[in-house]
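Everything below belongs to data-v4.pdb, which stores PDB, C-alpha atoms, pLDDT in the B column.
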```pdb
ATOM      1  CA  MET A1077      27.010 -32.805 -87.441  1.00 67.00           C
ATOM      2  CA  CYS A1078      25.512 -30.514 -90.087  1.00 76.00           C
ATOM      3  CA  LYS A1079      27.176 -28.902 -93.084  1.00 86.00           C
ATOM      4  CA  THR A1080      26.649 -26.010 -95.511  1.00 93.00           C
ATOM      5  CA  ILE A1081      26.105 -26.324 -99.242  1.00 96.00           C
ATOM      6  CA  LYS A1082      27.004 -23.373-101.469  1.00 97.00           C
ATOM      7  CA  GLN A1083      26.197 -23.370-105.180  1.00 98.00           C
ATOM      8  CA  LYS A1084      26.519 -20.559-107.721  1.00 98.00           C
ATOM      9  CA  VAL A1085      24.503 -21.028-110.909  1.00 97.00           C
ATOM     10  CA  LYS A1086      23.975 -18.800-113.948  1.00 97.00           C
ATOM     11  CA  PHE A1087      20.839 -18.740-116.063  1.00 97.00           C
ATOM     12  CA  LYS A1088      20.061 -16.946-119.325  1.00 95.00           C
ATOM     13  CA  ASP A1089      16.664 -15.760-118.136  1.00 95.00           C
ATOM     14  CA  SER A1090      15.778 -12.857-115.832  1.00 97.00           C
ATOM     15  CA  PRO A1091      15.643 -12.960-112.021  1.00 98.00           C
ATOM     16  CA  GLU A1092      11.845 -12.561-112.260  1.00 97.00           C
ATOM     17  CA  THR A1093      11.561 -15.746-114.297  1.00 96.00           C
ATOM     18  CA  ILE A1094      13.974 -17.751-112.121  1.00 97.00           C
ATOM     19  CA  TYR A1095      12.146 -16.564-108.983  1.00 98.00           C
ATOM     20  CA  GLN A1096       8.911 -17.975-110.425  1.00 97.00           C
ATOM     21  CA  TRP A1097      10.568 -21.350-111.104  1.00 96.00           C
ATOM     22  CA  LEU A1098      11.375 -21.528-107.374  1.00 97.00           C
ATOM     23  CA  THR A1099       8.193 -20.112-105.833  1.00 97.00           C
ATOM     24  CA  ASP A1100       5.228 -20.915-108.085  1.00 97.00           C
ATOM     25  CA  SER A1101       3.504 -24.194-107.154  1.00 97.00           C
ATOM     26  CA  LYS A1102       2.511 -25.042-110.740  1.00 96.00           C
ATOM     27  CA  LYS A1103       5.967 -24.283-112.140  1.00 95.00           C
ATOM     28  CA  VAL A1104       7.768 -26.275-109.434  1.00 95.00           C
ATOM     29  CA  SER A1105       5.357 -29.192-109.962  1.00 95.00           C
ATOM     30  CA  ALA A1106       6.025 -29.091-113.723  1.00 93.00           C
ATOM     31  CA  LEU A1107       9.770 -28.800-113.135  1.00 91.00           C
ATOM     32  CA  THR A1108      10.069 -31.748-110.750  1.00 91.00           C
ATOM     33  CA  GLY A1109       7.229 -33.883-112.047  1.00 92.00           C
ATOM     34  CA  GLU A1110       5.853 -34.116-108.504  1.00 94.00           C
ATOM     35  CA  THR A1111       3.296 -32.135-106.525  1.00 96.00           C
ATOM     36  CA  ALA A1112       4.373 -28.807-105.012  1.00 97.00           C
ATOM     37  CA  VAL A1113       2.294 -26.467-102.845  1.00 98.00           C
ATOM     38  CA  ILE A1114       4.136 -23.251-102.031  1.00 98.00           C
ATOM     39  CA  SER A1115       2.806 -20.295-100.037  1.00 97.00           C
ATOM     40  CA  GLN A1116       3.534 -16.825-101.390  1.00 95.00           C
ATOM     41  CA  LYS A1117       3.648 -15.325 -97.880  1.00 97.00           C
ATOM     42  CA  ILE A1118       6.327 -15.060 -95.210  1.00 97.00           C
ATOM     43  CA  GLY A1119       5.413 -17.537 -92.482  1.00 98.00           C
ATOM     44  CA  GLY A1120       3.527 -19.712 -94.955  1.00 98.00           C
ATOM     45  CA  THR A1121       4.390 -23.344 -95.579  1.00 98.00           C
ATOM     46  CA  PHE A1122       5.567 -25.293 -98.581  1.00 98.00           C
ATOM     47  CA  THR A1123       5.852 -28.896 -99.694  1.00 97.00           C
ATOM     48  CA  ILE A1124       7.660 -30.043-102.818  1.00 95.00           C
ATOM     49  CA  LEU A1125       8.463 -33.390-104.409  1.00 93.00           C
ATOM     50  CA  SER A1126       5.081 -34.781-103.272  1.00 94.00           C
ATOM     51  CA  GLY A1127       5.850 -33.979 -99.622  1.00 94.00           C
ATOM     52  CA  LYS A1128       9.423 -35.318 -99.545  1.00 95.00           C
ATOM     53  CA  VAL A1129      10.542 -31.764 -98.736  1.00 96.00           C
ATOM     54  CA  SER A1130       8.582 -29.377 -96.536  1.00 96.00           C
ATOM     55  CA  GLY A1131       9.115 -26.234 -94.561  1.00 96.00           C
ATOM     56  CA  ILE A1132       8.303 -22.610 -93.838  1.00 97.00           C
ATOM     57  CA  ILE A1133       8.852 -19.489 -95.921  1.00 98.00           C
ATOM     58  CA  VAL A1134      11.130 -17.294 -93.775  1.00 98.00           C
ATOM     59  CA  ASP A1135      11.702 -14.395 -96.185  1.00 98.00           C
ATOM     60  CA  LEU A1136      10.648 -13.362 -99.700  1.00 97.00           C
ATOM     61  CA  LYS A1137      11.903 -10.432-101.729  1.00 97.00           C
ATOM     62  CA  PRO A1138      10.330 -10.957-105.176  1.00 97.00           C
ATOM     63  CA  SER A1139      12.920 -11.570-107.894  1.00 97.00           C
ATOM     64  CA  ARG A1140      15.754 -11.049-105.377  1.00 98.00           C
ATOM     65  CA  ARG A1141      15.699 -13.437-102.420  1.00 98.00           C
ATOM     66  CA  ILE A1142      14.009 -16.509-100.935  1.00 98.00           C
ATOM     67  CA  VAL A1143      14.743 -17.995 -97.523  1.00 98.00           C
ATOM     68  CA  GLN A1144      13.179 -21.256 -96.392  1.00 98.00           C
ATOM     69  CA  ALA A1145      13.345 -23.353 -93.228  1.00 97.00           C
ATOM     70  CA  TRP A1146      13.707 -26.604 -95.123  1.00 95.00           C
ATOM     71  CA  ARG A1147      13.276 -30.235 -94.103  1.00 95.00           C
ATOM     72  CA  ARG A1148      13.658 -33.394 -96.129  1.00 94.00           C
ATOM     73  CA  PHE A1149      11.649 -36.480 -95.110  1.00 94.00           C
ATOM     74  CA  ASP A1150      14.822 -38.448 -94.308  1.00 92.00           C
ATOM     75  CA  PHE A1151      16.448 -35.830 -92.051  1.00 91.00           C
ATOM     76  CA  PRO A1152      16.760 -36.879 -88.399  1.00 89.00           C
ATOM     77  CA  GLU A1153      13.698 -36.039 -86.301  1.00 89.00           C
ATOM     78  CA  GLY A1154      13.420 -32.311 -85.527  1.00 87.00           C
ATOM     79  CA  ILE A1155      16.208 -31.230 -87.908  1.00 87.00           C
ATOM     80  CA  PHE A1156      15.511 -28.317 -90.246  1.00 91.00           C
ATOM     81  CA  SER A1157      18.030 -26.638 -92.514  1.00 96.00           C
ATOM     82  CA  MET A1158      17.964 -23.104 -93.949  1.00 97.00           C
ATOM     83  CA  ALA A1159      18.017 -22.629 -97.719  1.00 98.00           C
ATOM     84  CA  SER A1160      18.725 -19.102 -98.946  1.00 98.00           C
ATOM     85  CA  PHE A1161      18.514 -18.173-102.636  1.00 98.00           C
ATOM     86  CA  THR A1162      19.929 -14.830-103.789  1.00 98.00           C
ATOM     87  CA  LEU A1163      19.116 -13.762-107.354  1.00 98.00           C
ATOM     88  CA  THR A1164      21.177 -11.069-109.075  1.00 98.00           C
ATOM     89  CA  GLU A1165      20.689  -9.784-112.598  1.00 98.00           C
ATOM     90  CA  THR A1166      23.771 -10.212-114.782  1.00 97.00           C
ATOM     91  CA  ASN A1167      24.995  -7.657-117.343  1.00 96.00           C
ATOM     92  CA  ASP A1168      23.408  -9.652-120.164  1.00 96.00           C
ATOM     93  CA  GLY A1169      19.965  -9.714-118.494  1.00 95.00           C
ATOM     94  CA  GLY A1170      20.359 -13.220-117.105  1.00 97.00           C
ATOM     95  CA  THR A1171      20.540 -14.331-113.497  1.00 98.00           C
ATOM     96  CA  GLU A1172      23.245 -15.389-111.104  1.00 98.00           C
ATOM     97  CA  LEU A1173      21.705 -17.519-108.359  1.00 98.00           C
ATOM     98  CA  ILE A1174      23.592 -18.235-105.156  1.00 98.00           C
ATOM     99  CA  LEU A1175      22.213 -20.997-102.963  1.00 98.00           C
ATOM    100  CA  ILE A1176      23.454 -21.246 -99.395  1.00 98.00           C
ATOM    101  CA  HIS A1177      21.886 -24.249 -97.700  1.00 97.00           C
ATOM    102  CA  ARG A1178      22.957 -24.439 -94.048  1.00 96.00           C
ATOM    103  CA  GLY A1179      22.368 -27.195 -91.538  1.00 94.00           C
ATOM    104  CA  VAL A1180      22.126 -30.179 -93.874  1.00 94.00           C
ATOM    105  CA  PRO A1181      22.969 -33.409 -92.003  1.00 93.00           C
ATOM    106  CA  LYS A1182      26.439 -34.440 -93.181  1.00 90.00           C
ATOM    107  CA  GLU A1183      25.268 -37.887 -94.298  1.00 91.00           C
ATOM    108  CA  ARG A1184      22.818 -36.170 -96.698  1.00 92.00           C
ATOM    109  CA  ILE A1185      25.166 -33.503 -98.153  1.00 93.00           C
ATOM    110  CA  THR A1186      26.127 -35.302-101.367  1.00 94.00           C
ATOM    111  CA  ASP A1187      22.544 -36.307-102.137  1.00 94.00           C
ATOM    112  CA  VAL A1188      21.106 -32.835-101.439  1.00 94.00           C
ATOM    113  CA  GLU A1189      23.820 -31.132-103.532  1.00 95.00           C
ATOM    114  CA  GLU A1190      23.161 -33.475-106.434  1.00 95.00           C
ATOM    115  CA  ASN A1191      19.387 -33.050-106.148  1.00 93.00           C
ATOM    116  CA  TRP A1192      19.655 -29.248-106.399  1.00 95.00           C
ATOM    117  CA  ARG A1193      21.696 -29.640-109.577  1.00 94.00           C
ATOM    118  CA  LYS A1194      19.654 -32.439-111.211  1.00 91.00           C
ATOM    119  CA  HIS A1195      16.114 -31.610-110.146  1.00 87.00           C
ATOM    120  CA  PHE A1196      16.297 -27.829-110.242  1.00 94.00           C
ATOM    121  CA  TRP A1197      19.224 -26.115-111.969  1.00 96.00           C
ATOM    122  CA  GLU A1198      19.488 -28.476-114.960  1.00 95.00           C
ATOM    123  CA  ARG A1199      15.716 -28.601-115.410  1.00 94.00           C
ATOM    124  CA  ILE A1200      15.302 -24.827-115.135  1.00 95.00           C
ATOM    125  CA  ARG A1201      17.923 -24.417-117.860  1.00 93.00           C
ATOM    126  CA  LYS A1202      15.942 -26.764-120.111  1.00 89.00           C
ATOM    127  CA  GLN A1203      12.644 -24.951-119.400  1.00 82.00           C
ATOM    128  CA  VAL A1204      13.745 -21.344-119.874  1.00 48.00           C
TER     129      VAL A1204
END
```

Using structure tokens, write down the structure from this file.
Amino acid sequence: MCKTIKQKVKFKDSPETIYQWLTDSKKVSALTGETAVISQKIGGTFTILSGKVSGIIVDLKPSRRIVQAWRRFDFPEGIFSMASFTLTETNDGGTELILIHRGVPKERITDVEENWRKHFWERIRKQV
């Protein structure tokens, strides 16, 4: 059985900057400390964390939305999840990010939730 992860995170920096931290190969590599190769085109592919996560870019709306068909190396064979990031500018010029990550195998939920927080949200806050 698969589950959905929902996380709401606020950042001090603009949606444009946060979007770059999620879509730019060099920035993601610097953020995680592992190799990332991310296409900037719908239908393109991505790998992050030195290939531990891979997938396909389903939708991109610069500074507003990212949707990825997302697969971690330890997911059961053939299982992909869908990660959707919505970025909204806050009144103070910062960003509210909402992650909805559907289809994560239930035995991986806790680990995936923690990894988003530790490897992305906390590190983005320290970088920007």

Expected selection from the PyMOL selection byres ((chain A and resi 1172) around 8), given as a PDB file with C-alpha atoms, in the coordinates of the input:
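Writing done, so here's part05.pdb:
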```
ATOM      1  CA  LYS A1084      26.519 -20.559-107.721  1.00 98.00           C
ATOM      2  CA  VAL A1085      24.503 -21.028-110.909  1.00 97.00           C
ATOM      3  CA  LYS A1086      23.975 -18.800-113.948  1.00 97.00           C
ATOM      4  CA  PHE A1087      20.839 -18.740-116.063  1.00 97.00           C
ATOM      5  CA  LEU A1163      19.116 -13.762-107.354  1.00 98.00           C
ATOM      6  CA  THR A1164      21.177 -11.069-109.075  1.00 98.00           C
ATOM      7  CA  GLU A1165      20.689  -9.784-112.598  1.00 98.00           C
ATOM      8  CA  THR A1166      23.771 -10.212-114.782  1.00 97.00           C
ATOM      9  CA  GLY A1170      20.359 -13.220-117.105  1.00 97.00           C
ATOM     10  CA  THR A1171      20.540 -14.331-113.497  1.00 98.00           C
ATOM     11  CA  LEU A1173      21.705 -17.519-108.359  1.00 98.00           C
ATOM     12  CA  ILE A1174      23.592 -18.235-105.156  1.00 98.00           C
TER      13      ILE A1174
END
```

One-decimal distance in Å that lies between atom CA of Gly1120 of chain A and atom CA of Leu1136 of chain A: 10.7 Å

Ile1155 of chain A: which residues within 12 Å, counting only C-alpha atoms, same-chain residues fewer than 3 positions away excluded, as a PDB file with C-alpha atoms, in the coordinates of the input?
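File selection_8.pdb, as written:
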```pdb
ATOM      1  CA  MET A1077      27.010 -32.805 -87.441  1.00 67.00           C
ATOM      2  CA  CYS A1078      25.512 -30.514 -90.087  1.00 76.00           C
ATOM      3  CA  SER A1130       8.582 -29.377 -96.536  1.00 96.00           C
ATOM      4  CA  GLY A1131       9.115 -26.234 -94.561  1.00 96.00           C
ATOM      5  CA  ALA A1145      13.345 -23.353 -93.228  1.00 97.00           C
ATOM      6  CA  TRP A1146      13.707 -26.604 -95.123  1.00 95.00           C
ATOM      7  CA  ARG A1147      13.276 -30.235 -94.103  1.00 95.00           C
ATOM      8  CA  ARG A1148      13.658 -33.394 -96.129  1.00 94.00           C
ATOM      9  CA  PHE A1149      11.649 -36.480 -95.110  1.00 94.00           C
ATOM     10  CA  ASP A1150      14.822 -38.448 -94.308  1.00 92.00           C
ATOM     11  CA  PHE A1151      16.448 -35.830 -92.051  1.00 91.00           C
ATOM     12  CA  PRO A1152      16.760 -36.879 -88.399  1.00 89.00           C
ATOM     13  CA  MET A1158      17.964 -23.104 -93.949  1.00 97.00           C
ATOM     14  CA  ARG A1178      22.957 -24.439 -94.048  1.00 96.00           C
ATOM     15  CA  GLY A1179      22.368 -27.195 -91.538  1.00 94.00           C
ATOM     16  CA  VAL A1180      22.126 -30.179 -93.874  1.00 94.00           C
ATOM     17  CA  PRO A1181      22.969 -33.409 -92.003  1.00 93.00           C
ATOM     18  CA  LYS A1182      26.439 -34.440 -93.181  1.00 90.00           C
TER      19      LYS A1182
END
```

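Here the question is which of A:Ile1142, A:Ile1081, A:Val1188, A:Leu1125 gets nearest to Thr1099 of chain A using all atoms listed in the file, and that residue is A:Ile1142.
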
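Near Ala1106 of chain A, within a cut-off of 10 Å and counting all atoms listed in the file, sit the residues Trp1097, Asp1100, Ser1101, Lys1102, Glu1110, Thr1111, Ala1112, Arg1199 and Gln1203 of chain A, with same-chain residues fewer than 4 positions away left out.
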
Selected residues written out with C-alpha atoms, as a PDB file, in the frame of the given file:
```pdb
ATOM      1  CA  TRP A1097      10.568 -21.350-111.104  1.00 96.00           C
ATOM      2  CA  ASP A1100       5.228 -20.915-108.085  1.00 97.00           C
ATOM      3  CA  SER A1101       3.504 -24.194-107.154  1.00 97.00           C
ATOM      4  CA  LYS A1102       2.511 -25.042-110.740  1.00 96.00           C
ATOM      5  CA  GLU A1110       5.853 -34.116-108.504  1.00 94.00           C
ATOM      6  CA  THR A1111       3.296 -32.135-106.525  1.00 96.00           C
ATOM      7  CA  ALA A1112       4.373 -28.807-105.012  1.00 97.00           C
ATOM      8  CA  ARG A1199      15.716 -28.601-115.410  1.00 94.00           C
ATOM      9  CA  GLN A1203      12.644 -24.951-119.400  1.00 82.00           C
TER      10      GLN A1203
END
```

Box in all listed atoms of segment 1117-1132 of chain A, axis-aligned, with 3 Å more on each side; write out centre and edge lengths in Å to one decimal as lines of an AutoDock Vina configuration file.
```
center_x = 7.0
center_y = -25.2
center_z = -98.4
size_x = 13.0
size_y = 26.3
size_z = 17.9
```

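Closest approach to Pro1091 of chain A from the set A:Arg1140, A:Arg1201, A:Arg1184, A:Lys1103 is made by A:Arg1140, with distances taken over all atoms listed in the file.
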